[in-house]
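Quick look at model.txt (compact mmCIF, C-alpha atoms):
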```txt
# COMPACT_ATOMS: atom_id res chain seq x y z
CA MET A 1 -15.13 4.44 -30.75
CA ALA A 2 -17.28 2.13 -28.63
CA ARG A 3 -16.50 2.00 -24.94
CA GLU A 4 -14.99 -1.31 -23.87
CA LYS A 5 -17.29 -3.37 -21.68
CA LYS A 6 -16.16 -4.69 -18.32
CA THR A 7 -16.86 -8.00 -16.61
CA CYS A 8 -18.70 -8.86 -13.41
CA VAL A 9 -16.25 -10.62 -11.12
CA GLU A 10 -19.05 -12.61 -9.49
CA CYS A 11 -20.62 -14.31 -12.51
CA GLY A 12 -18.49 -13.30 -15.51
CA HIS A 13 -21.34 -11.45 -17.23
CA LYS A 14 -20.48 -8.35 -19.27
CA VAL A 15 -21.45 -5.01 -17.74
CA LYS A 16 -21.48 -1.50 -19.19
CA SER A 17 -19.53 0.09 -16.35
CA LEU A 18 -18.17 -0.77 -12.92
CA PHE A 19 -18.95 2.51 -11.18
CA ILE A 20 -20.40 5.97 -11.62
CA GLN A 21 -18.21 8.87 -10.50
CA TYR A 22 -20.00 11.98 -9.32
CA SER A 23 -16.91 13.91 -8.26
CA PRO A 24 -13.27 13.14 -7.38
CA GLY A 25 -13.36 10.58 -4.58
CA ASN A 26 -17.15 10.29 -4.75
CA PHE A 27 -18.42 7.32 -6.75
CA ARG A 28 -20.94 4.49 -6.57
CA LEU A 29 -20.24 0.88 -7.50
CA MET A 30 -22.60 -0.57 -10.09
CA LYS A 31 -24.45 -3.88 -9.77
CA CYS A 32 -24.51 -6.63 -12.35
CA GLU A 33 -27.83 -7.04 -14.14
CA ASN A 34 -27.33 -10.82 -14.26
CA CYS A 35 -26.49 -11.74 -10.64
CA GLU A 36 -27.51 -8.45 -8.99
CA GLU A 37 -24.25 -8.33 -7.04
CA VAL A 38 -21.66 -5.54 -7.07
CA ALA A 39 -19.94 -5.96 -10.43
CA ASP A 40 -16.39 -5.45 -9.16
CA GLU A 41 -15.76 -4.87 -5.47
CA TYR A 42 -12.01 -4.69 -6.09
CA VAL A 43 -12.39 -1.22 -7.60
CA GLU A 44 -12.19 0.29 -4.10
CA CYS A 45 -9.75 -2.26 -2.63
CA GLU A 46 -6.08 -1.74 -1.91
CA LEU A 47 -3.55 -3.44 -4.16
CA LEU A 48 -2.37 -5.59 -1.25
CA ILE A 49 -5.83 -7.11 -0.83
CA ILE A 50 -6.06 -7.86 -4.54
CA PHE A 51 -2.60 -9.41 -4.47
CA ILE A 52 -3.53 -11.62 -1.49
CA ASP A 53 -6.69 -12.81 -3.23
CA LEU A 54 -4.65 -13.61 -6.33
CA ILE A 55 -2.29 -15.72 -4.24
CA LEU A 56 -5.34 -17.45 -2.72
CA HIS A 57 -6.46 -18.19 -6.32
CA LYS A 58 -9.83 -16.50 -5.96
CA THR A 59 -11.67 -16.50 -9.28
CA LYS A 60 -13.05 -13.01 -8.62
CA ALA A 61 -9.58 -11.55 -8.30
CA TYR A 62 -8.49 -13.14 -11.58
CA ARG A 63 -11.55 -11.78 -13.39
CA HIS A 64 -10.75 -8.33 -12.03
CA LEU A 65 -7.13 -8.53 -13.20
CA LEU A 66 -7.65 -10.18 -16.58
CA TYR A 67 -10.81 -8.36 -17.69
CA ASN A 68 -11.16 -5.10 -15.78
CA VAL A 69 -7.52 -4.07 -15.37
CA VAL A 70 -5.66 -5.41 -18.38
CA ASN A 71 -6.71 -4.11 -21.79
CA GLN A 72 -6.34 -7.34 -23.72
CA GLU A 73 -7.15 -5.80 -27.08
CA SER A 74 -4.20 -3.41 -27.02
CA ALA A 75 -1.75 -5.32 -24.84
CA ASN A 76 1.26 -6.91 -26.50
CA VAL A 77 2.13 -10.51 -25.73
CA GLN A 78 5.76 -10.84 -24.67
CA PRO A 79 6.26 -14.43 -23.46
CA LEU A 80 9.84 -13.97 -22.33
CA THR A 81 9.52 -10.86 -20.18
CA ILE A 82 7.98 -12.47 -17.06
CA SER A 83 9.70 -15.80 -17.22
CA LYS A 84 12.71 -16.35 -14.95
CA ASP A 85 14.63 -19.46 -15.86
CA ARG A 86 15.45 -21.70 -12.90
CA SER A 87 18.82 -22.52 -14.40
CA LEU A 88 20.09 -19.06 -13.47
CA LEU A 89 19.29 -19.80 -9.82
CA LEU A 90 20.34 -23.44 -9.55
CA ARG A 91 23.63 -23.47 -11.47
CA ARG A 92 26.73 -21.91 -9.90
CA THR A 93 30.32 -22.23 -10.93
CA ASN A 94 33.16 -22.97 -8.54
CA ASP A 95 35.98 -22.27 -10.97
CA GLU A 96 37.30 -18.81 -10.13
CA SER A 97 40.29 -19.01 -12.47
CA ASN A 98 38.22 -18.52 -15.60
CA VAL A 99 35.62 -16.04 -14.37
CA SER A 100 35.22 -14.19 -17.67
CA MET A 101 34.88 -17.32 -19.78
CA SER A 102 32.53 -18.93 -17.28
CA PHE A 103 30.37 -15.81 -17.20
CA VAL A 104 30.08 -15.73 -20.98
CA LEU A 105 29.27 -19.43 -21.17
CA GLU A 106 26.76 -19.15 -18.37
CA SER A 107 25.04 -16.13 -19.91
CA LEU A 108 24.78 -17.80 -23.31
CA GLU A 109 23.53 -20.99 -21.72
CA VAL A 110 20.83 -19.16 -19.79
CA LEU A 111 19.77 -17.33 -22.96
CA VAL A 112 19.54 -20.61 -24.89
CA ASN A 113 17.60 -22.22 -22.04
CA VAL A 114 15.15 -19.33 -21.74
CA LEU A 115 14.45 -19.25 -25.48
CA SER A 116 14.09 -23.01 -25.89
CA ALA A 117 12.12 -23.60 -22.67
CA ASN A 118 9.69 -20.76 -23.30
CA PHE A 119 9.19 -21.78 -26.91
CA ALA A 120 8.47 -25.33 -25.74
CA PHE A 121 6.01 -24.00 -23.14
CA VAL A 122 4.09 -21.82 -25.59
CA LEU A 123 3.98 -24.52 -28.26
CA SER A 124 2.94 -27.32 -25.90
CA PHE A 125 0.39 -25.08 -24.19
CA ALA A 126 -1.18 -24.13 -27.53
CA LEU A 127 -1.36 -27.74 -28.70
CA ALA A 128 -2.71 -29.08 -25.40
CA ALA A 129 -5.30 -26.30 -25.14
CA LYS A 130 -6.42 -26.86 -28.74
CA MET A 131 -6.97 -30.57 -28.08
CA MET A 132 -8.58 -30.32 -24.64
CA LEU A 133 -10.33 -26.92 -24.56
CA VAL A 134 -12.61 -24.80 -26.71
CA MET A 135 -10.56 -21.70 -27.53
CA SER A 136 -11.45 -18.75 -29.73
CA ARG A 137 -9.09 -16.06 -28.36
CA GLY A 138 -5.67 -17.64 -28.42
CA LYS A 139 -3.64 -14.45 -28.05
CA GLU A 140 -5.71 -13.09 -25.17
CA ILE A 141 -5.67 -16.42 -23.34
CA LEU A 142 -1.91 -16.70 -23.71
CA LEU A 143 -1.56 -13.16 -22.37
CA GLY A 144 -3.74 -14.06 -19.40
CA VAL A 145 -1.63 -17.14 -18.63
CA LEU A 146 1.56 -15.08 -18.79
CA ILE A 147 0.12 -12.41 -16.50
CA SER A 148 -0.96 -15.09 -14.03
CA SER A 149 2.69 -16.14 -13.74
CA TYR A 150 3.26 -13.09 -11.53
CA ILE A 151 4.33 -15.37 -8.66
CA LYS A 152 7.68 -15.86 -10.39
CA ILE A 153 8.71 -12.42 -9.18
CA PHE A 154 9.59 -14.11 -5.89
CA LEU A 155 12.46 -15.87 -7.66
CA PHE A 156 14.24 -12.55 -8.05
CA ALA A 157 14.64 -12.38 -4.26
CA MET A 158 16.30 -15.78 -3.99
CA PRO A 159 19.87 -14.74 -4.88
CA VAL A 160 19.64 -11.99 -2.26
CA TRP A 161 18.18 -13.90 0.70
CA GLU A 162 19.41 -17.38 -0.32
CA PHE A 163 16.20 -19.33 0.09
CA PRO A 164 16.41 -23.14 -0.08
CA VAL A 165 16.15 -24.72 -3.52
CA SER A 166 12.81 -26.27 -2.58
CA VAL A 167 11.26 -22.79 -2.73
CA ILE A 168 11.79 -22.78 -6.51
CA PHE A 169 9.62 -25.85 -6.94
CA ILE A 170 6.97 -24.46 -4.58
CA VAL A 171 6.85 -21.29 -6.69
CA ASP A 172 6.59 -23.42 -9.85
CA MET A 173 3.60 -25.28 -8.41
CA LEU A 174 1.92 -22.00 -7.46
CA VAL A 175 2.52 -20.68 -10.97
CA LEU A 176 1.00 -23.84 -12.45
CA THR A 177 -2.17 -23.59 -10.35
CA SER A 178 -2.36 -19.84 -10.97
CA ASN A 179 -2.17 -20.45 -14.73
CA ALA A 180 -4.95 -23.04 -14.40
CA VAL A 181 -7.23 -20.57 -12.58
CA ALA A 182 -6.60 -17.91 -15.22
CA LEU A 183 -7.31 -20.42 -17.98
CA LYS A 184 -10.54 -21.48 -16.27
CA VAL A 185 -11.66 -17.85 -15.92
CA MET A 186 -10.99 -17.05 -19.59
CA THR A 187 -12.32 -20.28 -21.16
CA GLU A 188 -14.97 -21.29 -18.59
CA SER A 189 -13.76 -24.88 -18.96
CA ALA A 190 -13.62 -27.59 -16.31
CA THR A 191 -10.92 -27.16 -13.68
CA SER A 192 -9.51 -30.62 -14.36
CA ARG A 193 -8.99 -29.84 -18.07
CA CYS A 194 -7.32 -26.51 -17.30
CA LEU A 195 -5.00 -28.17 -14.79
CA ALA A 196 -4.17 -30.88 -17.32
CA VAL A 197 -3.27 -28.34 -20.03
CA CYS A 198 -1.05 -26.35 -17.68
CA PHE A 199 0.56 -29.48 -16.26
CA ILE A 200 1.46 -30.71 -19.74
CA ALA A 201 2.92 -27.36 -20.77
CA HIS A 202 4.93 -26.92 -17.57
CA SER A 203 6.18 -30.52 -17.66
CA ILE A 204 7.45 -30.15 -21.22
CA ARG A 205 9.06 -26.83 -20.34
CA PHE A 206 10.80 -28.44 -17.37
CA LEU A 207 12.08 -31.35 -19.48
CA VAL A 208 13.37 -29.05 -22.22
CA ASP A 209 15.04 -26.87 -19.60
CA GLN A 210 16.78 -29.86 -18.05
CA ILE A 211 17.86 -31.28 -21.41
CA SER A 212 18.97 -28.07 -23.09
CA GLY A 213 21.01 -26.85 -20.11
CA PRO A 214 23.84 -29.41 -20.11
CA MET A 215 23.77 -29.84 -23.88
CA SER A 216 24.03 -26.11 -24.59
CA LEU A 217 26.92 -25.63 -22.17
CA LYS A 218 28.79 -28.64 -23.56
CA HIS A 219 28.27 -27.45 -27.13
CA LEU A 220 29.43 -23.90 -26.33
CA GLY A 221 32.50 -25.31 -24.61
CA TYR A 222 33.45 -27.19 -27.77
CA VAL A 223 32.90 -24.13 -29.95
CA MET A 224 35.01 -21.84 -27.78
```

Can you give me the file's structure in the form of structure tokens?
Amino acid sequence: MAREKKTCVECGHKVKSLFIQYSPGNFRLMKCENCEEVADEYVECELLIIFIDLILHKTKAYRHLLYNVVNQESANVQPLTISKDRSLLLRRTNDESNVSMSFVLESLEVLVNVLSANFAFVLSFALAAKMMLVMSRGKEILLGVLISSYIKIFLFAMPVWEFPVSVIFIVDMLVLTSNAVALKVMTESATSRCLAVCFIAHSIRFLVDQISGPMSLKHLGYVM
């Protein structure tokens, strides 16, 4: 079985290996034959530094994550596992007399919202990317976009520390720009086109989320 090639984080050129290991803890970083720079300096960096560079939207950090860390050929795409629906954070019930019924309705509503909003995002992203970008690896690109949504993990802390609602929209904007950087790295397209594709997909997801929320709850109330 052929050894999978890695990618130079500086220029995006394929390299045979990132380092040569002589003994445990003793290795030498390899240089890229194309740009003659160290192929991947993040190999010897702490995770915190990599995470900071990802937040700063550095292209090198995204190449390291998407090409040299994640095995895209064997990874499974699971669109719903890293998406945290904002409806779960924004909507709270004040009716304490029907806690059980409200909990069931709320849970079903969130499930409907997550499924519909994520389906709308994936579909709109695929259509927009097909029209505006040159894509040949749809599954891998979608996986990269989902991985670049890592910033949504901050939403899990909101119910604990009670951040203002505005933080949700700030996180959404960071996710959008992060998705655009990942798309640019994987397609080598213009930044404006990548931003446009992500903006369209996120806008449609937001609209579907806002529309399906009240409608699903109203419908479930009639059924029950």

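All residues of protein, DNA or RNA that reach within 9 Å of Cys198 (chain A), judged by only C-alpha atoms and not counting those fewer than 2 positions away in the chain, are Phe125, Ala128, Ala129, Leu176, Thr177, Asn179, Ala180, Leu183, Arg193, Cys194, Leu195, Ala196, Ile200, Ala201, His202 and Ser203 of chain A.
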
With distances taken over only C-alpha atoms, which residue among A:Leu207, A:Phe156, A:Ser148, A:Ile168 lies nearest His57 (chain A)?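 The shortest atom-to-atom distance to His57 (chain A) comes from A:Ser148.
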
Nearest to Leu47 (chain A), chosen from A:Lys31, A:His64, A:Phe154, A:Pro164, with all atoms listed in the file counted in the distances: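 Counting all atoms listed in the file, the residue closest to Leu47 (chain A) is A:His64.
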
Set the distance at 7 Å and use only C-alpha atoms: which residues neighbour Cys8 (chain A) once local chain neighbours fewer than 5 positions away are removed? I'd like the list as an MDAnalysis selection string. chainID A and resid 13:15 32 39:40

Taking only C-alpha atoms into account, which of A:Leu56, A:Val114, A:Ile204, A:Ile49 comes nearest Leu127 (chain A)?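 Checking each of A:Leu56, A:Val114, A:Ile204, A:Ile49 against Leu127 (chain A), counting only C-alpha atoms, the winner is A:Ile204.
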
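Closest approach to Val175 (chain A) from the set A:Val145, A:Ala190, A:Cys11, A:Val197 is made by A:Val145, with distances taken over all atoms listed in the file.
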
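From CA of Ala117 (chain A) back to CA of Lys130 (chain A), the distance works out to 19.8 Å.
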
Closest of A:Met173, A:Tyr42, A:Ile52, A:Asn68 to Lys16 (chain A), counting all atoms listed in the file, is A:Asn68

Nearest-residue call for Ile153 (chain A), choices A:Val38, A:Ile141, A:Val171, A:Arg63, using only C-alpha atoms: A:Val171
